[in-house]
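structure.tsv (TSV, C-alpha atoms and all ligand atoms) appears below.
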```
chain	number	residue	atom	x	y	z
A	1	MET	CA	-20.29	163.20	-6.87
A	2	ASN	CA	-20.28	166.97	-7.07
A	3	PRO	CA	-22.78	168.24	-4.46
A	4	PHE	CA	-23.71	171.31	-6.51
A	5	THR	CA	-25.91	171.78	-9.56
A	6	ILE	CA	-26.44	174.35	-12.25
A	7	GLY	CA	-29.83	172.86	-13.02
A	8	ILE	CA	-33.02	173.18	-10.99
A	9	ALA	CA	-32.11	173.01	-7.30
A	10	GLN	CA	-34.34	170.91	-5.09
A	11	HIS	CA	-34.21	169.07	-1.80
A	12	GLU	CA	-30.78	169.31	-0.18
A	13	LYS	CA	-29.42	171.33	-3.12
A	14	PHE	CA	-31.91	174.11	-2.42
A	15	CYS	CA	-30.86	176.66	0.17
A	16	ASN	CA	-33.32	178.33	2.52
A	17	ARG	CA	-36.07	180.59	1.12
A	18	ARG	CA	-38.31	179.25	3.89
A	19	LEU	CA	-40.18	182.53	4.22
A	20	GLU	CA	-40.95	182.73	0.52
A	21	ILE	CA	-41.95	179.05	0.41
A	22	GLU	CA	-44.37	179.48	3.30
A	23	THR	CA	-45.88	182.65	1.80
A	24	LEU	CA	-46.35	181.03	-1.57
A	25	LYS	CA	-47.84	177.87	-0.11
A	26	LYS	CA	-50.24	179.89	2.00
A	27	ASN	CA	-51.25	182.04	-0.96
A	28	MET	CA	-51.80	179.07	-3.24
A	29	LEU	CA	-53.92	177.22	-0.70
A	30	ALA	CA	-55.95	180.36	-0.06
A	31	GLY	CA	-56.52	181.01	-3.77
A	32	ILE	CA	-54.42	184.19	-3.80
A	33	HIS	CA	-52.90	184.50	-7.26
A	34	THR	CA	-49.26	185.51	-6.99
A	35	VAL	CA	-46.55	186.82	-9.27
A	36	VAL	CA	-42.88	186.33	-8.43
A	37	TYR	CA	-40.29	188.66	-9.99
A	38	ALA	CA	-36.59	187.96	-9.99
A	39	PRO	CA	-33.66	188.35	-12.40
A	40	ARG	CA	-32.59	185.50	-14.66
A	41	ARG	CA	-31.12	182.45	-12.96
A	42	TYR	CA	-32.16	183.62	-9.53
A	43	GLY	CA	-34.01	180.49	-8.48
A	44	LYS	CA	-37.58	181.09	-9.66
A	45	SER	CA	-38.14	177.69	-11.27
A	46	SER	CA	-36.45	175.90	-8.38
A	47	LEU	CA	-38.62	177.77	-5.93
A	48	ALA	CA	-41.78	176.91	-7.87
A	49	ARG	CA	-40.80	173.22	-7.84
A	50	VAL	CA	-40.13	173.26	-4.12
A	51	VAL	CA	-43.45	175.02	-3.46
A	52	THR	CA	-45.51	172.67	-5.61
A	53	GLY	CA	-43.65	169.71	-4.10
A	54	GLU	CA	-44.63	170.83	-0.62
A	55	LEU	CA	-48.29	171.60	-1.28
A	56	GLU	CA	-50.34	169.63	1.12
A	57	GLY	CA	-53.78	168.17	1.01
A	58	ASP	CA	-55.70	168.05	-2.20
A	59	MET	CA	-53.73	170.63	-4.16
A	60	THR	CA	-51.78	169.54	-7.23
A	61	GLY	CA	-49.04	171.59	-8.89
A	62	ILE	CA	-49.09	172.03	-12.65
A	63	PHE	CA	-45.94	173.46	-14.19
A	64	ILE	CA	-46.02	175.30	-17.52
A	65	ASP	CA	-42.91	176.87	-19.01
A	66	LEU	CA	-43.75	179.71	-21.38
A	67	PHE	CA	-40.11	180.50	-22.14
A	68	SER	CA	-40.11	179.54	-25.81
A	69	VAL	CA	-43.71	180.37	-26.54
A	70	THR	CA	-44.15	181.42	-30.17
A	71	SER	CA	-47.86	182.20	-30.62
A	72	SER	CA	-51.15	182.24	-28.76
A	73	ALA	CA	-51.94	178.79	-30.20
A	74	ASN	CA	-48.59	177.52	-28.95
A	75	ALA	CA	-49.27	179.05	-25.51
A	76	VAL	CA	-52.59	177.32	-25.17
A	77	GLN	CA	-51.08	174.03	-26.37
A	78	LYS	CA	-48.47	174.31	-23.64
A	79	ILE	CA	-51.18	174.98	-21.08
A	80	TYR	CA	-53.22	171.97	-22.17
A	81	ARG	CA	-50.14	169.75	-22.24
A	82	GLY	CA	-49.03	170.84	-18.77
A	83	ILE	CA	-52.48	170.22	-17.34
A	84	ILE	CA	-52.96	166.80	-18.89
A	85	SER	CA	-49.49	165.49	-18.09
A	86	SER	CA	-49.56	166.67	-14.46
A	87	LEU	CA	-53.08	165.54	-13.71
A	88	GLY	CA	-52.49	162.30	-15.62
A	89	ALA	CA	-49.40	161.50	-13.58
A	90	LYS	CA	-51.50	161.79	-10.43
A	91	ALA	CA	-54.72	160.22	-11.70
A	92	ALA	CA	-55.92	157.47	-9.41
A	93	ASP	CA	-57.96	155.78	-12.10
A	94	ARG	CA	-55.97	155.80	-15.33
A	95	SER	CA	-58.51	153.98	-17.44
A	96	SER	CA	-61.12	156.69	-17.05
A	97	PHE	CA	-58.68	159.63	-17.08
A	98	ALA	CA	-58.58	159.93	-20.87
A	99	GLN	CA	-62.35	159.98	-21.07
A	100	LYS	CA	-62.57	162.55	-18.32
A	101	MET	CA	-60.06	164.80	-20.09
A	102	SER	CA	-61.87	164.51	-23.42
A	103	ALA	CA	-65.15	165.26	-21.70
A	104	ILE	CA	-63.76	168.32	-19.93
A	105	PHE	CA	-61.67	169.76	-22.73
A	106	LYS	CA	-64.28	169.35	-25.42
A	107	LYS	CA	-62.61	171.68	-27.88
A	108	ILE	CA	-59.41	169.68	-28.36
A	109	ARG	CA	-58.70	166.39	-30.12
A	110	LEU	CA	-56.88	164.20	-27.67
A	111	SER	CA	-55.38	160.75	-27.89
A	112	LEU	CA	-53.95	159.61	-24.61
A	113	GLU	CA	-52.29	156.46	-23.33
A	114	PHE	CA	-50.23	155.57	-20.32
A	115	ASP	CA	-46.75	154.24	-20.88
A	116	PRO	CA	-46.81	150.86	-19.09
A	117	ALA	CA	-43.14	151.14	-18.11
A	118	THR	CA	-43.07	154.67	-16.70
A	119	THR	CA	-46.84	155.05	-16.10
A	120	ALA	CA	-46.46	158.58	-17.47
A	121	PRO	CA	-49.27	159.80	-19.71
A	122	GLU	CA	-48.33	159.91	-23.38
A	123	PHE	CA	-50.56	161.86	-25.62
A	124	SER	CA	-51.03	163.94	-28.68
A	125	LEU	CA	-53.44	166.78	-28.83
A	126	SER	CA	-54.56	169.19	-31.47
A	127	LEU	CA	-56.60	172.35	-31.24
A	128	SER	CA	-58.92	171.10	-34.00
A	129	ASP	CA	-59.65	174.05	-36.24
A	130	GLN	CA	-60.71	176.36	-33.48
A	131	PRO	CA	-58.84	179.63	-33.09
A	132	ALA	CA	-56.55	179.98	-30.06
A	133	GLU	CA	-58.89	182.63	-28.70
A	134	ILE	CA	-61.70	180.12	-28.16
A	135	HIS	CA	-59.34	177.76	-26.34
A	136	LEU	CA	-57.93	180.50	-24.15
A	137	GLU	CA	-61.44	181.50	-23.22
A	138	GLN	CA	-62.17	177.97	-22.10
A	139	VAL	CA	-59.06	176.26	-20.84
A	140	ILE	CA	-58.94	177.67	-17.31
A	141	ALA	CA	-62.71	177.47	-16.89
A	142	ASN	CA	-62.60	173.82	-17.99
A	143	LEU	CA	-59.75	173.03	-15.64
A	144	ASP	CA	-61.66	174.70	-12.82
A	145	GLU	CA	-64.73	172.64	-13.62
A	146	TYR	CA	-62.65	169.47	-13.53
A	147	CYS	CA	-61.11	170.39	-10.16
A	148	ASN	CA	-64.52	171.13	-8.77
A	149	SER	CA	-65.92	167.81	-9.96
A	150	GLN	CA	-62.96	165.90	-8.50
A	151	ALA	CA	-62.82	167.96	-5.29
A	152	ILE	CA	-59.20	168.91	-5.94
A	153	LYS	CA	-57.35	172.21	-6.19
A	154	VAL	CA	-54.59	173.19	-8.58
A	155	CYS	CA	-51.60	175.50	-8.30
A	156	LEU	CA	-50.96	176.51	-11.90
A	157	VAL	CA	-47.36	177.65	-12.30
A	158	LEU	CA	-46.80	179.80	-15.38
A	159	ASP	CA	-43.03	180.14	-15.59
A	160	GLU	CA	-41.49	182.94	-17.69
A	161	PHE	CA	-44.90	184.53	-17.73
A	162	GLN	CA	-43.65	187.77	-19.29
A	163	GLU	CA	-43.11	185.95	-22.59
A	164	ILE	CA	-46.78	186.35	-23.41
A	165	CYS	CA	-46.11	190.10	-23.77
A	166	ASN	CA	-44.06	189.34	-26.86
A	167	LEU	CA	-46.83	187.56	-28.70
A	168	LYS	CA	-48.47	189.25	-31.66
A	169	ASP	CA	-51.86	189.05	-29.97
A	170	ALA	CA	-50.53	189.63	-26.46
A	171	LYS	CA	-53.46	191.87	-25.50
A	172	MET	CA	-55.97	189.16	-26.24
A	173	VAL	CA	-53.95	186.47	-24.45
A	174	GLU	CA	-53.52	188.70	-21.38
A	175	ALA	CA	-57.20	189.58	-21.26
A	176	LEU	CA	-58.44	186.01	-21.61
A	177	LEU	CA	-55.99	184.57	-19.11
A	178	ARG	CA	-56.91	187.31	-16.68
A	179	GLU	CA	-60.57	186.45	-17.08
A	180	GLY	CA	-59.91	182.74	-16.51
A	181	MET	CA	-57.82	183.60	-13.48
A	182	GLN	CA	-60.46	185.86	-11.95
A	183	ASN	CA	-63.27	183.37	-12.32
A	184	ALA	CA	-61.38	180.30	-11.13
A	185	LYS	CA	-62.45	178.92	-7.78
A	186	CYS	CA	-60.16	175.92	-7.52
A	187	VAL	CA	-57.12	177.12	-9.51
A	188	SER	CA	-54.48	179.39	-7.97
A	189	PHE	CA	-52.03	181.02	-10.36
A	190	LEU	CA	-48.33	181.24	-9.56
A	191	MET	CA	-46.72	183.38	-12.24
A	192	MET	CA	-42.95	183.60	-12.34
A	193	GLY	CA	-40.93	185.91	-14.51
A	194	SER	CA	-37.53	187.40	-15.08
A	195	ARG	CA	-37.95	190.41	-17.31
A	196	ARG	CA	-38.89	192.57	-14.39
A	197	THR	CA	-39.69	195.75	-16.30
A	198	LEU	CA	-42.07	193.88	-18.58
A	199	LEU	CA	-43.73	192.18	-15.63
A	200	ARG	CA	-43.99	195.34	-13.61
A	201	ASP	CA	-45.68	197.06	-16.54
A	202	MET	CA	-48.03	194.12	-16.87
A	203	PHE	CA	-49.14	194.11	-13.24
A	204	GLU	CA	-48.73	197.75	-12.30
A	205	ASP	CA	-50.00	199.60	-15.35
A	206	LYS	CA	-53.62	200.67	-14.92
A	207	LYS	CA	-54.37	200.12	-18.58
A	208	ARG	CA	-53.34	196.46	-18.61
A	209	PRO	CA	-55.63	193.50	-17.84
A	210	PHE	CA	-53.44	192.13	-15.05
A	211	TYR	CA	-53.32	195.45	-13.18
A	212	LYS	CA	-53.39	194.73	-9.45
A	213	SER	CA	-54.66	191.21	-10.11
A	214	ALA	CA	-52.05	189.37	-8.11
A	215	TYR	CA	-49.99	189.44	-4.94
A	216	VAL	CA	-46.48	190.53	-5.90
A	217	LEU	CA	-43.43	188.83	-4.41
A	218	LYS	CA	-40.04	190.23	-5.33
A	219	LEU	CA	-37.54	187.50	-4.77
A	220	SER	CA	-34.54	188.86	-2.94
A	221	HIS	CA	-31.10	187.34	-2.63
A	222	ILE	CA	-30.39	184.45	-0.27
A	223	PRO	CA	-28.94	185.94	2.94
A	224	THR	CA	-25.14	185.57	3.08
A	225	GLY	CA	-25.21	183.78	6.44
A	226	GLU	CA	-27.61	181.13	5.14
A	227	PHE	CA	-25.72	180.63	1.92
A	228	THR	CA	-22.32	180.24	3.57
A	229	VAL	CA	-23.61	177.64	6.03
A	230	PHE	CA	-25.23	175.83	3.12
A	231	LEU	CA	-21.94	175.80	1.19
A	232	GLU	CA	-19.94	174.58	4.16
A	233	GLU	CA	-22.41	171.76	4.77
A	234	ARG	CA	-22.55	170.71	1.13
A	235	PHE	CA	-18.74	170.66	0.79
A	236	ALA	CA	-18.27	168.82	4.08
A	237	GLY	CA	-21.01	166.32	3.23
A	238	ALA	CA	-19.18	165.50	-0.01
A	239	LYS	CA	-15.87	164.95	1.80
A	240	ILE	CA	-14.11	168.13	0.67
A	241	PRO	CA	-14.51	170.50	3.61
A	242	ILE	CA	-13.90	174.22	3.15
A	243	SER	CA	-13.23	176.92	5.74
A	244	PRO	CA	-15.90	179.46	6.75
A	245	GLU	CA	-13.70	182.14	5.12
A	246	GLU	CA	-13.73	180.28	1.81
A	247	ALA	CA	-17.52	179.93	1.99
A	248	VAL	CA	-17.86	183.67	2.58
A	249	ALA	CA	-15.46	184.36	-0.29
A	250	ILE	CA	-17.59	182.26	-2.68
A	251	VAL	CA	-20.76	184.11	-1.69
A	252	ASN	CA	-19.02	187.48	-1.87
A	253	PHE	CA	-17.50	186.87	-5.31
A	254	THR	CA	-20.90	185.91	-6.69
A	255	ASP	CA	-22.85	188.41	-4.60
A	256	GLY	CA	-25.07	185.55	-3.39
A	257	TYR	CA	-26.60	185.26	-6.87
A	258	PRO	CA	-27.91	181.65	-6.70
A	259	PHE	CA	-26.78	180.44	-10.12
A	260	TYR	CA	-23.25	181.80	-9.81
A	261	THR	CA	-22.88	180.72	-6.20
A	262	GLN	CA	-23.81	177.17	-7.15
A	263	LYS	CA	-21.60	177.26	-10.22
A	264	LEU	CA	-18.56	178.66	-8.48
A	265	ALA	CA	-18.98	176.12	-5.68
A	266	MET	CA	-19.31	173.40	-8.28
A	267	LEU	CA	-16.10	174.46	-10.03
A	268	TYR	CA	-14.20	174.87	-6.78
A	269	TYR	CA	-15.29	171.45	-5.57
A	270	GLU	CA	-13.41	169.94	-8.53
A	271	LEU	CA	-10.42	172.29	-8.45
A	272	LYS	CA	-9.85	171.99	-4.73
A	273	GLN	CA	-9.34	168.26	-5.15
A	274	ALA	CA	-6.60	169.07	-7.64
A	275	GLY	CA	-4.98	171.43	-5.12
A	276	GLU	CA	-6.05	174.63	-6.91
A	277	PRO	CA	-7.02	177.78	-4.98
A	278	LEU	CA	-10.43	179.45	-5.03
A	279	ALA	CA	-9.00	182.20	-7.27
A	280	SER	CA	-8.60	179.66	-10.09
A	281	ALA	CA	-12.27	178.71	-9.80
A	282	CYS	CA	-13.27	182.40	-9.91
A	283	GLN	CA	-11.14	182.86	-13.01
A	284	GLN	CA	-12.67	179.79	-14.62
A	285	LEU	CA	-16.18	181.04	-13.86
A	286	LEU	CA	-15.46	184.37	-15.57
A	287	GLU	CA	-14.01	182.61	-18.60
A	288	MET	CA	-16.95	180.24	-18.89
A	289	GLU	CA	-19.50	183.04	-18.78
A	290	SER	CA	-17.67	185.42	-21.08
A	291	ALA	CA	-19.15	184.12	-24.35
A	292	ASP	CA	-22.67	184.87	-23.05
A	293	PHE	CA	-21.60	188.30	-21.86
A	294	GLU	CA	-20.02	189.09	-25.22
A	295	ASN	CA	-23.28	188.20	-26.97
A	296	ILE	CA	-25.26	190.50	-24.71
A	297	PHE	CA	-22.70	193.27	-25.05
A	298	VAL	CA	-22.35	193.29	-28.84
A	299	ALA	CA	-26.10	193.61	-29.26
A	300	LEU	CA	-26.04	197.03	-27.51
A	301	THR	CA	-25.43	200.44	-29.05
A	302	THR	CA	-22.22	202.29	-28.20
A	303	HIS	CA	-24.02	204.60	-25.81
A	304	GLN	CA	-25.78	201.72	-24.04
A	305	LYS	CA	-22.40	199.98	-23.67
A	306	GLN	CA	-20.88	203.12	-22.20
A	307	LEU	CA	-23.72	203.58	-19.74
A	308	LEU	CA	-23.58	199.92	-18.69
A	309	LYS	CA	-19.84	200.12	-18.08
A	310	ALA	CA	-20.21	203.37	-16.20
A	311	VAL	CA	-22.86	201.84	-13.93
A	312	ALA	CA	-20.61	198.81	-13.30
A	313	ALA	CA	-17.71	201.10	-12.44
A	314	ALA	CA	-19.45	203.78	-10.39
A	315	GLY	CA	-22.79	202.39	-9.10
A	316	PRO	CA	-24.20	205.95	-9.12
A	317	LYS	CA	-27.14	207.11	-7.01
A	318	ASN	CA	-28.25	209.44	-9.76
A	319	LEU	CA	-27.73	208.50	-13.40
A	320	PHE	CA	-28.47	212.04	-14.51
A	321	ALA	CA	-25.96	213.77	-12.25
A	322	ALA	CA	-23.76	216.11	-14.27
A	323	SER	CA	-20.58	214.75	-12.67
A	324	PHE	CA	-21.47	211.14	-13.52
A	325	LEU	CA	-22.23	212.07	-17.14
A	326	ALA	CA	-19.01	214.06	-17.45
A	327	ASP	CA	-16.78	211.47	-15.74
A	328	HIS	CA	-17.93	208.75	-18.12
A	329	GLY	CA	-18.28	210.79	-21.32
A	330	LEU	CA	-22.00	210.04	-21.51
A	331	GLY	CA	-23.12	213.28	-23.14
A	332	SER	CA	-26.40	214.95	-22.29
A	333	GLN	CA	-29.12	213.95	-19.86
A	334	GLY	CA	-31.48	213.51	-22.81
A	335	GLY	CA	-29.24	210.83	-24.28
A	336	ILE	CA	-29.38	208.79	-21.09
A	337	GLN	CA	-33.14	208.37	-21.21
A	338	SER	CA	-33.34	205.97	-24.16
A	339	SER	CA	-30.27	203.91	-23.21
A	340	LEU	CA	-31.62	203.60	-19.69
A	341	LYS	CA	-34.97	202.42	-20.97
A	342	LYS	CA	-33.33	199.72	-23.07
A	343	LEU	CA	-30.99	198.51	-20.31
A	344	LYS	CA	-33.89	198.36	-17.86
A	345	THR	CA	-36.13	196.48	-20.28
A	346	LEU	CA	-33.37	193.91	-20.76
A	347	ASP	CA	-33.03	193.80	-16.95
A	348	LEU	CA	-29.32	194.53	-17.30
A	349	ILE	CA	-29.32	197.28	-14.69
A	350	GLU	CA	-31.42	197.93	-11.62
A	351	ASN	CA	-31.92	200.67	-9.08
A	352	THR	CA	-31.23	199.57	-5.51
A	353	ASP	CA	-31.07	201.35	-2.15
A	354	GLN	CA	-27.31	201.63	-2.66
A	355	GLY	CA	-27.62	203.08	-6.16
A	356	TRP	CA	-27.74	201.82	-9.73
A	357	ARG	CA	-25.97	198.55	-10.42
A	358	VAL	CA	-25.53	195.90	-13.06
A	359	THR	CA	-28.07	193.18	-12.21
A	360	ASP	CA	-25.74	190.29	-12.91
A	361	PRO	CA	-22.74	190.46	-10.57
A	362	ILE	CA	-20.42	188.38	-12.75
A	363	PHE	CA	-21.33	190.42	-15.82
A	364	ALA	CA	-20.43	193.50	-13.74
A	365	ARG	CA	-17.01	192.00	-13.02
A	366	TRP	CA	-16.52	191.12	-16.67
A	367	LEU	CA	-17.39	194.66	-17.75
A	368	LEU	CA	-14.63	195.98	-15.54
A	369	ILE	CA	-11.87	193.70	-16.83
A	401	LIG	N1	-32.47	178.28	-3.12
A	401	LIG	C1	-31.43	177.93	-3.84
A	401	LIG	N2	-30.34	177.38	-3.27
A	401	LIG	C2	-29.26	177.05	-3.97
A	401	LIG	N3	-29.17	177.18	-5.29
A	401	LIG	C3	-30.22	177.69	-5.94
A	401	LIG	C4	-31.41	178.09	-5.26
A	401	LIG	N4	-32.27	178.55	-6.16
A	401	LIG	C5	-31.67	178.46	-7.35
A	401	LIG	N5	-30.44	177.94	-7.24
A	401	LIG	C6	-29.49	177.71	-8.34
A	401	LIG	O1	-29.58	178.85	-9.19
A	401	LIG	C7	-29.61	178.45	-10.55
A	401	LIG	C8	-30.84	178.98	-11.22
A	401	LIG	O2	-31.99	178.32	-10.69
A	401	LIG	P1	-33.37	178.30	-11.45
A	401	LIG	O3	-33.24	177.66	-12.78
A	401	LIG	O4	-34.35	177.78	-10.49
A	401	LIG	O5	-33.57	179.87	-11.62
A	401	LIG	P2	-34.50	180.67	-12.60
A	401	LIG	O6	-34.65	182.02	-11.97
A	401	LIG	O7	-35.73	179.92	-12.91
A	401	LIG	O8	-33.57	180.74	-13.88
A	401	LIG	P3	-33.95	181.12	-15.39
A	401	LIG	O9	-34.05	182.60	-15.42
A	401	LIG	O10	-32.79	180.62	-16.19
A	401	LIG	O11	-35.23	180.42	-15.71
A	401	LIG	C9	-29.45	176.94	-10.55
A	401	LIG	O12	-28.09	176.67	-10.72
A	401	LIG	C10	-29.87	176.51	-9.18
A	401	LIG	O13	-29.17	175.39	-8.80
A	402	MG	MG	-36.55	179.33	-14.71
```

As structure tokens, what does this structure read like?
Ligand SMILES: Nc1ncnc2c1ncn2[C@@H]1O[C@H](COP(=O)(O)OP(=O)(O)OP(=O)(O)O)[C@@H](O)[C@H]1O
Ligand SMILES: [Mg+2]
Amino acid sequence: MNPFTIGIAQHEKFCNRRLEIETLKKNMLAGIHTVVYAPRRYGKSSLARVVTGELEGDMTGIFIDLFSVTSSANAVQKIYRGIISSLGAKAADRSSFAQKMSAIFKKIRLSLEFDPATTAPEFSLSLSDQPAEIHLEQVIANLDEYCNSQAIKVCLVLDEFQEICNLKDAKMVEALLREGMQNAKCVSFLMMGSRRTLLRDMFEDKKRPFYKSAYVLKLSHIPTGEFTVFLEERFAGAKIPISPEEAVAIVNFTDGYPFYTQKLAMLYYELKQAGEPLASACQQLLEMESADFENIFVALTTHQKQLLKAVAAAGPKNLFAASFLADHGLGSQGGIQSSLKKLKTLDLIENTDQGWRVTDPIFARWLLI
């Protein structure tokens, strides 16, 4: 069995992040709403699962993925579904759970049964003919009421939270969720998101409803030392030991980016058994990712492509420096502004203490091939 995963990492497949886990647990238990920013495939969902799994006492985690949300009605459906399936799975008294849910969420039509084999709640729900706005106004307040009546607390995880910005009526959704969040006494919000520019605008723009409404946690990379020890232990535990140097090489090639580190380790675990070197696994990783990179790349304008490649090649401190523009044939400073905005919105590049860089380290390598 391969000891690595490219899915959600939990338990022994999850490396470290103790500090973040403790902070998030403490915040949730204290009712401090929190937003976690990190690039794509950086471990947000895994972290949320680990945190909700470790919540002690009377706090229940409810997990809602807003990734593919299409409308405000769809968003509120997802919220209802997440609430009912999580609370249902934990309900002590199943026979009265359906009645309790119908009594609390008066505005929806709900038919709910428990699967006798899995004991998971199975249900269908419809928003009746009420507009999404009415539901959004009520759903958090109703959940809070329920928690209060049952003397429980809830950690409501809203994964890919930035997706609500893309809805037609985003302003309304933001305002109503914010209101529910502010008034809740027993519900702590844990909002996770990957489009960092969108999220930052949402929480740091004075004109937006969520302005300064939550504790902000920027997820950083997993420290190299922790990640290498983790890799060595996972390989050794699965009977294919690697050297400390190989573990460091895996983390270095992937820049400690959780998804790629797991994936490269996963590939190498197989290849090493066939006598192949780590370089073959690195090559395979690049090949496997290249279709995704091509898709991202072709959707950019020529100037955006040039700027992206130049950032990958030079990692400049100042994107507007005359020498950087001249060296990479990027034209005028004015031209940079709009390409930069686009690349930042897509979270393709980021400004770090060391200078500008391509956010995804394997994409950066691919751009330089
Ligand atoms: N702490 C960790 N230790 C080891 N691997 C991790 C850790 N966190 C995440 N990973 C790995 O990184 C990858 C991405 O994890 P996850 O899906 O949790 O990230 P995400 O930020 O939610 O991604 P997405 O942007 O696709 O939603 C997975 O392959 C997972 O196994
Ligand atoms: Mg995720």

### Query
How many Å separate CA of Lys317 in chain A from CA of Gln333 in chain A?
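If I compute the distance from CA of Lys317 in chain A to CA of Gln333 in chain A, I get 14.7 Å.
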
Write out as a Markdown table a residue-level contact list of chain A versus ligand LIG 401 (chain A) with cut-off 8 Å: for each qualifying residue the closest pair of atoms and the distance in Å to one decimal, counting only C-alpha atoms and all ligand atoms, rows sorted by chain and residue number upward.
```
| residue | atom | partner | partner_atom | distance |
| --- | --- | --- | --- | --- |
| A:Phe4 | CA | A:LIG401 | O13 | 7.2 |
| A:Thr5 | CA | A:LIG401 | O13 | 4.9 |
| A:Ile6 | CA | A:LIG401 | O12 | 3.2 |
| A:Gly7 | CA | A:LIG401 | O12 | 4.8 |
| A:Ile8 | CA | A:LIG401 | O4 | 4.8 |
| A:Ala9 | CA | A:LIG401 | O13 | 4.1 |
| A:Gln10 | CA | A:LIG401 | C1 | 7.7 |
| A:Lys13 | CA | A:LIG401 | C2 | 5.8 |
| A:Phe14 | CA | A:LIG401 | N2 | 3.7 |
| A:Cys15 | CA | A:LIG401 | N2 | 3.6 |
| A:Asn16 | CA | A:LIG401 | N1 | 5.7 |
| A:Arg17 | CA | A:LIG401 | N1 | 6.0 |
| A:Ala38 | CA | A:LIG401 | O6 | 6.6 |
| A:Pro39 | CA | A:LIG401 | O6 | 6.4 |
| A:Arg40 | CA | A:LIG401 | O9 | 3.3 |
| A:Arg41 | CA | A:LIG401 | O8 | 3.1 |
| A:Tyr42 | CA | A:LIG401 | O6 | 3.8 |
| A:Gly43 | CA | A:LIG401 | O5 | 3.2 |
| A:Lys44 | CA | A:LIG401 | O6 | 3.8 |
| A:Ser45 | CA | A:LIG401 | O7 | 3.7 |
| A:Ser46 | CA | A:LIG401 | O4 | 3.5 |
| A:Leu47 | CA | A:LIG401 | O4 | 6.2 |
| A:Ala48 | CA | A:LIG401 | O4 | 7.9 |
| A:Asp159 | CA | A:LIG401 | O7 | 7.8 |
| A:Glu160 | CA | A:LIG401 | O11 | 7.0 |
| A:Gly193 | CA | A:LIG401 | O9 | 7.7 |
| A:Ser194 | CA | A:LIG401 | O9 | 5.9 |
| A:Ile222 | CA | A:LIG401 | N1 | 7.1 |
| A:Phe227 | CA | A:LIG401 | N2 | 7.7 |
| A:Tyr257 | CA | A:LIG401 | O1 | 7.4 |
| A:Pro258 | CA | A:LIG401 | O1 | 4.1 |
| A:Phe259 | CA | A:LIG401 | O1 | 3.4 |
| A:Tyr260 | CA | A:LIG401 | O1 | 7.0 |
| A:Thr261 | CA | A:LIG401 | N3 | 7.3 |
| A:Gln262 | CA | A:LIG401 | O12 | 5.6 |
| A:Lys263 | CA | A:LIG401 | O12 | 6.5 |
```

Close residues, Val251 in chain A itself excluded, 12 Å, all atoms listed in the file, min 2 positions apart in chain, as a CSV table (one decimal) with C-alpha atoms, in the frame of the given file:
```csv
chain,number,residue,atom,x,y,z
A,221,HIS,CA,-31.1,187.3,-2.6
A,222,ILE,CA,-30.4,184.4,-0.3
A,223,PRO,CA,-28.9,185.9,2.9
A,224,THR,CA,-25.1,185.6,3.1
A,225,GLY,CA,-25.2,183.8,6.4
A,226,GLU,CA,-27.6,181.1,5.1
A,227,PHE,CA,-25.7,180.6,1.9
A,228,THR,CA,-22.3,180.2,3.6
A,229,VAL,CA,-23.6,177.6,6.0
A,230,PHE,CA,-25.2,175.8,3.1
A,231,LEU,CA,-21.9,175.8,1.2
A,232,GLU,CA,-19.9,174.6,4.2
A,244,PRO,CA,-15.9,179.5,6.8
A,245,GLU,CA,-13.7,182.1,5.1
A,246,GLU,CA,-13.7,180.3,1.8
A,247,ALA,CA,-17.5,179.9,2.0
A,248,VAL,CA,-17.9,183.7,2.6
A,249,ALA,CA,-15.5,184.4,-0.3
A,253,PHE,CA,-17.5,186.9,-5.3
A,254,THR,CA,-20.9,185.9,-6.7
A,255,ASP,CA,-22.8,188.4,-4.6
A,256,GLY,CA,-25.1,185.6,-3.4
A,257,TYR,CA,-26.6,185.3,-6.9
A,258,PRO,CA,-27.9,181.6,-6.7
A,259,PHE,CA,-26.8,180.4,-10.1
A,260,TYR,CA,-23.2,181.8,-9.8
A,261,THR,CA,-22.9,180.7,-6.2
A,262,GLN,CA,-23.8,177.2,-7.2
A,263,LYS,CA,-21.6,177.3,-10.2
A,264,LEU,CA,-18.6,178.7,-8.5
A,265,ALA,CA,-19.0,176.1,-5.7
A,278,LEU,CA,-10.4,179.4,-5.0
A,282,CYS,CA,-13.3,182.4,-9.9
A,361,PRO,CA,-22.7,190.5,-10.6
A,362,ILE,CA,-20.4,188.4,-12.8
```

Hey, what's within 7 Å of Arg109 in chain A if we count only C-alpha atoms and toss same-chain stuff fewer than 4 positions away? As a PDB file with C-alpha atoms, in the coordinates of the input, please?
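Generated file (selection-v5.pdb):
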```
ATOM      1  CA  LEU A 125     -53.440 166.780 -28.830  1.00  0.00           C
ATOM      2  CA  SER A 126     -54.560 169.190 -31.470  1.00  0.00           C
ATOM      3  CA  LEU A 127     -56.600 172.350 -31.240  1.00  0.00           C
ATOM      4  CA  SER A 128     -58.920 171.100 -34.000  1.00  0.00           C
TER       5      SER A 128
END
```

### Query
Any idea what's packed within 10 Å of Glu56 in chain A, counting only C-alpha atoms, ignoring anything in its chain fewer than 5 positions away? Could you give it as number ranges by chain?
A: 25, 29, 51

### Query
Could you state the separation of CA of Val36 in chain A and CA of Leu217 in chain A in Å, given to one decimal place?
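Separation between CA of Val36 in chain A and CA of Leu217 in chain A: 4.8 Å.
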
### Task
May I ask for the distance between CA of Gln77 in chain A and CA of Cys147 in chain A, given in Å to one decimal place?
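CA of Gln77 in chain A sits 19.4 Å away from CA of Cys147 in chain A.
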
#### Entry: Residue contacts of Gly61 in chain A (6 Å, all atoms listed in the file) excluding same-chain residues fewer than 4 positions away, as a list in words
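Returned residues: Thr52, Val154 and Cys155 of chain A.
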
Just C-alpha atoms for this one: save the residues we selected as a short mmCIF file (atom, residue, chain, number, x, y, z; two decimals), in the coordinates of the input.
```cif
data_model
loop_
_atom_site.label_atom_id
_atom_site.label_comp_id
_atom_site.auth_asym_id
_atom_site.auth_seq_id
_atom_site.Cartn_x
_atom_site.Cartn_y
_atom_site.Cartn_z
CA THR A 52 -45.51 172.67 -5.61
CA VAL A 154 -54.59 173.19 -8.58
CA CYS A 155 -51.60 175.50 -8.30
#
```
